[in-house]
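Here is the structure we will look at.
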Amino acid sequence: MGKNQTQQRSSSRVVIRSNLCHSCPSSHSKCPHQSSSSEAATCGTPTWIGKGFTCVCFKRKGVYERICINLTPFQEQRLNRLKHRMEVRFDASRPDHQGALRALWSATFPGEKLHGLSSEQWKEMGWQGKDPSTDFRGAGFISLENLLFFAKTFSISFQRLLNKQGGNRATWEYPFAVAGVNVTFMIMQMLDLNASKRRTFIRTVFIHMLSENEWAFDLLYCVAFVVMDKQWLDMNASYMEFNDVIKSTRAQLEREFVMDDVLRVEDMPSYALLL
């Protein structure tokens, strides 16, 4: 869906205006339900009432493609795996969790020896105290996995944000690691993957992204982190305004989720900030 297309919400229904049709059985070069006089699909009304439609068909690079709300077994498997990751609490007594924490240190400060899992050194990364495990309570072990994925996959962008390089930085900057945990928590709220009632369009698009790439959540995290930093600079924010920056970051991600041609995390315009 395009930048100028809107998603209208009310307490009873969501109306999605786009080049879509909820009746198309498969991908087409032209939506079979589209009128000849308009680019918009006109078969029925693309509305969401309660559980509503099961699929949407929209134009991507000249071809109509379908996203289904009813999950395939493959999608359900990947979604359940991600949900399980989200439920794991950080446990400082588990060797694998200790190993992940040490791996994060090594990826963040290559060549610098860590003196212990409880050490004043952790403050260099932006944890609130000498024991980072206390900061994982908000988002769990997956927030550590997200930071580690970012550090290993996009090391240049990771180091740039860690060291607050570029832009007119505030005197009171956000603490890098704690901000990362907050980004994880924000994405979890935005996607609302554990919702048992109405499924949002954003959630549906993300499930499609997940079916394309099992690491879609981690990739989205990296995008969200660089968007957050950009919002921070654009807003000329200080630490006391961090919550406003997070809200602005979420709004930007949601806008990109409903743009034309965004079916993968890599399709999001802000993905380019990582490169």
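Just so we're on the same page: first chain in the structure tokens is A, next is B, and so on; residues restart at 1 for each chain, and ligands are numbered from 1 in the order they show up.
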
Against region 217-229 of chain A, which residues of region 68-110 of chain A fall within 12 Å? For each one I want the closest pair of atoms and the distance in Å (one decimal), counting only C-alpha atoms, rows by chain and increasing residue number, as a tab-separated table.
```
residue	atom	partner	partner_atom	distance
A:Arg78	CA	A:Phe217	CA	11.0
A:Leu79	CA	A:Phe217	CA	10.3
A:Arg81	CA	A:Phe217	CA	11.4
A:Leu82	CA	A:Phe217	CA	8.1
A:Lys83	CA	A:Phe217	CA	10.7
A:Arg85	CA	A:Phe217	CA	10.7
A:Met86	CA	A:Phe217	CA	10.6
```

- [ ] Determine which residues of region 81-241 of chain A DSSP labels as helix (DSSP H, G or I) from the backbone of this structure, then write them out as a PyMOL selection string.
- [x] chain A and resi 81-87+95-108+120-125+132-138+141-153+155-162+176-191+201-212+216-234+239-241

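Closest approach to Phe136 (chain A) from the set A:Thr184, A:Gln189, A:Gln231, A:Asn70 is made by A:Thr184, with distances taken over only C-alpha atoms.
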
*asked:* Report as number ranges by chain all protein, DNA and RNA residues lying within 12 Å of Lys113 (chain A), evaluated on only C-alpha atoms, omitting residues in the same chain fewer than 6 positions from it.
replied: A: 102-103, 105-107, 119, 121-122

Within 12 Å of region 140-150 of chain A, which residues of region 156-216 of chain A show up? Give each one with its shortest atom-to-atom distance in Å (one decimal) and the two atoms involved, counting only C-alpha atoms, rows by chain then rising residue number, as JSON lines.
```
{"residue": "A:Ile156", "atom": "CA", "partner": "A:Phe150", "partner_atom": "CA", "distance": 9.6}
{"residue": "A:Ser157", "atom": "CA", "partner": "A:Phe150", "partner_atom": "CA", "distance": 8.4}
{"residue": "A:Phe158", "atom": "CA", "partner": "A:Phe150", "partner_atom": "CA", "distance": 6.3}
{"residue": "A:Gln159", "atom": "CA", "partner": "A:Phe150", "partner_atom": "CA", "distance": 9.7}
{"residue": "A:Arg160", "atom": "CA", "partner": "A:Phe150", "partner_atom": "CA", "distance": 11.7}
{"residue": "A:Leu161", "atom": "CA", "partner": "A:Phe150", "partner_atom": "CA", "distance": 10.8}
{"residue": "A:Leu162", "atom": "CA", "partner": "A:Leu147", "partner_atom": "CA", "distance": 11.0}
{"residue": "A:Phe176", "atom": "CA", "partner": "A:Leu147", "partner_atom": "CA", "distance": 10.1}
{"residue": "A:Ala177", "atom": "CA", "partner": "A:Leu147", "partner_atom": "CA", "distance": 7.8}
{"residue": "A:Val178", "atom": "CA", "partner": "A:Ser143", "partner_atom": "CA", "distance": 9.7}
{"residue": "A:Ala179", "atom": "CA", "partner": "A:Leu147", "partner_atom": "CA", "distance": 10.3}
{"residue": "A:Gly180", "atom": "CA", "partner": "A:Leu147", "partner_atom": "CA", "distance": 6.7}
{"residue": "A:Val181", "atom": "CA", "partner": "A:Ser143", "partner_atom": "CA", "distance": 5.3}
{"residue": "A:Asn182", "atom": "CA", "partner": "A:Ser143", "partner_atom": "CA", "distance": 8.4}
{"residue": "A:Val183", "atom": "CA", "partner": "A:Ser143", "partner_atom": "CA", "distance": 8.4}
{"residue": "A:Thr184", "atom": "CA", "partner": "A:Ser143", "partner_atom": "CA", "distance": 5.6}
{"residue": "A:Phe185", "atom": "CA", "partner": "A:Ser143", "partner_atom": "CA", "distance": 7.9}
{"residue": "A:Met186", "atom": "CA", "partner": "A:Ser143", "partner_atom": "CA", "distance": 10.9}
{"residue": "A:Ile187", "atom": "CA", "partner": "A:Ser143", "partner_atom": "CA", "distance": 10.6}
{"residue": "A:Met188", "atom": "CA", "partner": "A:Ser143", "partner_atom": "CA", "distance": 10.3}
{"residue": "A:Trp215", "atom": "CA", "partner": "A:Phe149", "partner_atom": "CA", "distance": 9.4}
{"residue": "A:Ala216", "atom": "CA", "partner": "A:Asn146", "partner_atom": "CA", "distance": 11.0}
```

Between CA of Phe257 (chain A) and CA of Gly126 (chain A) lies a distance of 29.7 Å

Taken to one decimal, the CA of Val205 (chain A)-CA of Phe74 (chain A) distance is 15.3 Å

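With CA of Ala251 (chain A) on one side and CA of Met190 (chain A) on the other, the separation reads 9.4 Å.
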
Exercise: Ser118 (chain A) partners within 9 Å, only C-alpha atoms, chain neighbours under 6 positions left out, as number ranges by chain
A: 129-133

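Distances to Thr200 (chain A) were evaluated for A:Asp234, A:Glu254, A:Asp244, A:Gly166 using only C-alpha atoms, and the minimum falls at A:Glu254.
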